[in-house]
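Reading through the structure tokens given below for one structure.
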Amino acid sequence: MKILLCIDDTDNLDSIGTGEVLQNLCEELDKEGLGKGGFVSRHQLFVHEDIPYTSHNSSMCCQVELESGKFTVLLELCREYMAGNCAEGSDPGLCIVLHETIEASEKEELITYGQAAKVKIFTKEEAYALAAKYPTKVFLSEHGGTGQGIIGALAGCGLRLYGNDGRMKGKIYPQEPKSVQKVGEFCAKHNLICAMTLDGQLIDGNDTLIPGEEVKAVILNHQPTIILSPDKEPGMWRPADKKQLKKY
Amino acid sequence: MWKYKDGRKFFTGGKDDYQQAATIAAACEHFAADVEDEWVCEDACSCYNCRYRRWTSESFQCMK
């Protein structure tokens, strides 16, 4: 069974980032034979002076392929890990969603919450109230400090369910950064589902690309996708830069 | 470059003054790059990519 695992507010100004905490947690789950984590996505939430985030208010989410019959043990391990591995002064929250068991209307409700958390302030009580509606499918818990991270953790799951939000943690480092490559071949080699333009048009796999030293993927249609900018000639592309990817 | 409010220090260049953010960071003894996932521009040394910046709705607050 596939589950979503999202954490938020685990860091302070000098600690490792929340994405790294999540990756470490996934390694722990793998080591214990509980499940294997997929790619980690970063979801930007509302930036507002009244929200007590550390510096950017983003949450980190990944899908985990759960070993059969291991959910209770996994949940316990995740909660213990959060309690023992988040930074001093942080307000960590954890959300796990059994997303293969939720109904379409329930999924829509979580997505709506996630999208709203990008533009408005929520309280912990509101987050807990939504999770409490689905006690066998949504597991929300706080692990220190004010526990405000539950708001973003729940939102991150909603946005991951939406499937068109966020950037992938980490970067792709092409083996031949300066050589011209077919877009389709590049995507296949790096497990990217497709390439899109900045305005959302699908790019032909036979078009060409000079990947450069580093490539950042975003999440579109639930899958890692690269966003490309036109190069000098028609049918030739280069990866969008970080400024262009800010909106993801 | 900066405005001060309630003892806090805010960048006046908004979120898109990449040149000024890089210039300030290059001369800043406190600059430390944030984790790469939080970078918003290519300049490795930029206030926009510093772990001690806290984003606000209009710009960022320098925490140092």
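Ordered as shown in the structure tokens, chains take letters A, B, and onward, while each chain numbers its residues from 1 and ligands are numbered from 1 in the order shown.
All residues of protein, DNA or RNA that reach within 8 Å of Lys15 (chain B), judged by only C-alpha atoms and not counting those fewer than 3 positions away in the chain, are Tyr18, Tyr48, Glu58, Ser59 and Phe60 of chain B.
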Mind dumping the selected residues with all heavy atoms as a PDB file, in the first residue's frame?
```
ATOM      1  N   TYR B  18      18.113  40.873  -7.641  1.00  0.00           N
ATOM      2  CA  TYR B  18      19.150  39.855  -7.523  1.00  0.00           C
ATOM      3  C   TYR B  18      20.552  40.457  -7.417  1.00  0.00           C
ATOM      4  O   TYR B  18      21.410  39.947  -6.701  1.00  0.00           O
ATOM      5  CB  TYR B  18      19.066  38.894  -8.715  1.00  0.00           C
ATOM      6  CG  TYR B  18      17.755  38.144  -8.725  1.00  0.00           C
ATOM      7  CD1 TYR B  18      16.696  38.571  -9.523  1.00  0.00           C
ATOM      8  CD2 TYR B  18      17.565  37.031  -7.920  1.00  0.00           C
ATOM      9  CE1 TYR B  18      15.470  37.905  -9.507  1.00  0.00           C
ATOM     10  CE2 TYR B  18      16.354  36.356  -7.888  1.00  0.00           C
ATOM     11  CZ  TYR B  18      15.317  36.798  -8.693  1.00  0.00           C
ATOM     12  OH  TYR B  18      14.111  36.142  -8.652  1.00  0.00           O
ATOM     13  N   TYR B  48      19.322  36.204  -0.970  1.00  0.00           N
ATOM     14  CA  TYR B  48      18.136  35.400  -1.277  1.00  0.00           C
ATOM     15  C   TYR B  48      18.359  33.913  -1.014  1.00  0.00           C
ATOM     16  O   TYR B  48      17.402  33.156  -0.836  1.00  0.00           O
ATOM     17  CB  TYR B  48      17.734  35.587  -2.744  1.00  0.00           C
ATOM     18  CG  TYR B  48      17.147  36.937  -3.069  1.00  0.00           C
ATOM     19  CD1 TYR B  48      17.336  37.506  -4.326  1.00  0.00           C
ATOM     20  CD2 TYR B  48      16.396  37.650  -2.141  1.00  0.00           C
ATOM     21  CE1 TYR B  48      16.789  38.742  -4.648  1.00  0.00           C
ATOM     22  CE2 TYR B  48      15.858  38.886  -2.453  1.00  0.00           C
ATOM     23  CZ  TYR B  48      16.046  39.433  -3.714  1.00  0.00           C
ATOM     24  OH  TYR B  48      15.505  40.648  -4.021  1.00  0.00           O
ATOM     25  N   GLU B  58       6.638  40.778   1.279  1.00  0.00           N
ATOM     26  CA  GLU B  58       7.185  41.693   0.273  1.00  0.00           C
ATOM     27  C   GLU B  58       8.655  41.497  -0.015  1.00  0.00           C
ATOM     28  O   GLU B  58       9.141  41.851  -1.084  1.00  0.00           O
ATOM     29  CB  GLU B  58       6.974  43.137   0.730  1.00  0.00           C
ATOM     30  CG  GLU B  58       5.497  43.534   0.762  1.00  0.00           C
ATOM     31  CD  GLU B  58       5.283  44.927   1.277  1.00  0.00           C
ATOM     32  OE1 GLU B  58       6.251  45.570   1.712  1.00  0.00           O
ATOM     33  OE2 GLU B  58       4.130  45.377   1.256  1.00  0.00           O
ATOM     34  N   SER B  59       9.406  40.962   0.945  1.00  0.00           N
ATOM     35  CA  SER B  59      10.857  40.883   0.778  1.00  0.00           C
ATOM     36  C   SER B  59      11.415  39.828   1.733  1.00  0.00           C
ATOM     37  O   SER B  59      10.899  38.708   1.753  1.00  0.00           O
ATOM     38  CB  SER B  59      11.444  42.272   1.068  1.00  0.00           C
ATOM     39  OG  SER B  59      12.832  42.264   0.911  1.00  0.00           O
ATOM     40  N   PHE B  60      12.445  40.175   2.513  1.00  0.00           N
ATOM     41  CA  PHE B  60      12.904  39.256   3.554  1.00  0.00           C
ATOM     42  C   PHE B  60      13.481  40.051   4.720  1.00  0.00           C
ATOM     43  O   PHE B  60      13.880  41.206   4.575  1.00  0.00           O
ATOM     44  CB  PHE B  60      13.948  38.257   3.023  1.00  0.00           C
ATOM     45  CG  PHE B  60      15.286  38.863   2.667  1.00  0.00           C
ATOM     46  CD1 PHE B  60      16.280  39.063   3.625  1.00  0.00           C
ATOM     47  CD2 PHE B  60      15.557  39.246   1.365  1.00  0.00           C
ATOM     48  CE1 PHE B  60      17.503  39.643   3.289  1.00  0.00           C
ATOM     49  CE2 PHE B  60      16.775  39.820   1.021  1.00  0.00           C
ATOM     50  CZ  PHE B  60      17.755  40.015   1.987  1.00  0.00           C
TER      51      PHE B  60
END
```
Taking only C-alpha atoms into account, which residues of chain A are within 12 Å of chain B, as an NGL selection string? :A and (11-20 or 40-60 or 118-120 or 166-171 or 213-218 or 240-248)
Identify, with DSSP run on backbone atoms, the residues in chain B assigned to strand (DSSP E), and express the list as JSON, numbers by chain. {"B": [2, 3, 4, 5, 8, 9, 10, 11, 53, 54, 55, 60, 61, 62]}
List as number ranges by chain the protein and nucleic acid residues near region 68-78 of chain A, meaning an atom at most 9 Å away when only C-alpha atoms are counted, but skip any in the same chain fewer than 3 places from it. A: 1, 25, 28-29, 32-35, 81-83, 94, 96, 139
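Atom to atom, CA of Asp6 (chain B) and CA of Asp8 (chain A) stand 27.8 Å apart.
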Which of chain B counts as alpha helix (DSSP H) under DSSP, as a PyMOL selection string please? chain B and resi 18-26
Asp199 (chain A) surroundings by only C-alpha atoms, 10 Å radius, close-in-sequence under 6 positions cut, as a short mmCIF file (atom, residue, chain, number, x, y, z; two decimals) with all heavy atoms, in the first residue's frame:
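The resulting file, selection_8.cif, is shown below:
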```
data_model
loop_
_atom_site.label_atom_id
_atom_site.label_comp_id
_atom_site.auth_asym_id
_atom_site.auth_seq_id
_atom_site.Cartn_x
_atom_site.Cartn_y
_atom_site.Cartn_z
N ILE A 227 11.12 21.67 -16.53
CA ILE A 227 10.60 22.86 -17.19
C ILE A 227 11.73 23.45 -18.03
O ILE A 227 12.84 23.66 -17.52
CB ILE A 227 10.12 23.91 -16.16
CG1 ILE A 227 9.09 23.29 -15.21
CG2 ILE A 227 9.55 25.13 -16.87
CD1 ILE A 227 7.80 22.85 -15.86
N LEU A 228 11.45 23.68 -19.30
CA LEU A 228 12.49 24.15 -20.22
C LEU A 228 12.17 25.53 -20.78
O LEU A 228 11.00 25.90 -20.95
CB LEU A 228 12.65 23.16 -21.37
CG LEU A 228 13.00 21.71 -20.97
CD1 LEU A 228 13.10 20.83 -22.22
CD2 LEU A 228 14.30 21.64 -20.18
N SER A 229 13.24 26.26 -21.07
CA SER A 229 13.12 27.57 -21.73
C SER A 229 13.64 27.44 -23.15
O SER A 229 14.57 26.67 -23.40
CB SER A 229 13.99 28.60 -21.02
OG SER A 229 13.44 28.96 -19.82
#
```
Using only C-alpha atoms, which of the listed residues (A:Gly93, A:Pro177, A:Pro239, A:Gly212) sits closest to Thr10 (chain A)? A:Gly93
Tell me, as an mmCIF file with N, CA and C atoms, in the first residue's frame, which residues lie within 8 Å of Thr12 (chain B), counting only C-alpha atoms; anything in the same chain fewer than 5 positions away does not count.
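Below you can see result-v1.cif, which holds the result:
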```
data_model
loop_
_atom_site.group_PDB
_atom_site.id
_atom_site.type_symbol
_atom_site.label_atom_id
_atom_site.label_comp_id
_atom_site.auth_asym_id
_atom_site.auth_seq_id
_atom_site.Cartn_x
_atom_site.Cartn_y
_atom_site.Cartn_z
ATOM 1 N N MET B 1 18.711 50.244 1.141
ATOM 2 C CA MET B 1 19.112 48.833 1.227
ATOM 3 C C MET B 1 18.344 48.105 2.353
ATOM 4 N N TRP B 2 18.296 48.735 3.521
ATOM 5 C CA TRP B 2 17.587 48.130 4.657
ATOM 6 C C TRP B 2 16.615 49.131 5.273
ATOM 7 N N LYS B 3 15.542 48.612 5.811
ATOM 8 C CA LYS B 3 14.706 49.445 6.663
ATOM 9 C C LYS B 3 14.534 48.700 7.991
ATOM 10 N N SER B 59 9.406 40.962 0.945
ATOM 11 C CA SER B 59 10.857 40.883 0.778
ATOM 12 C C SER B 59 11.415 39.828 1.733
#
```
For Ala22 (chain B), the nearest of the candidates B:Lys64, B:Lys5, B:Cys45, B:Phe10, counting only C-alpha atoms: B:Cys45
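As for CA of Gly14 (chain B) and CA of Phe31 (chain B), they are spaced 18.4 Å apart.
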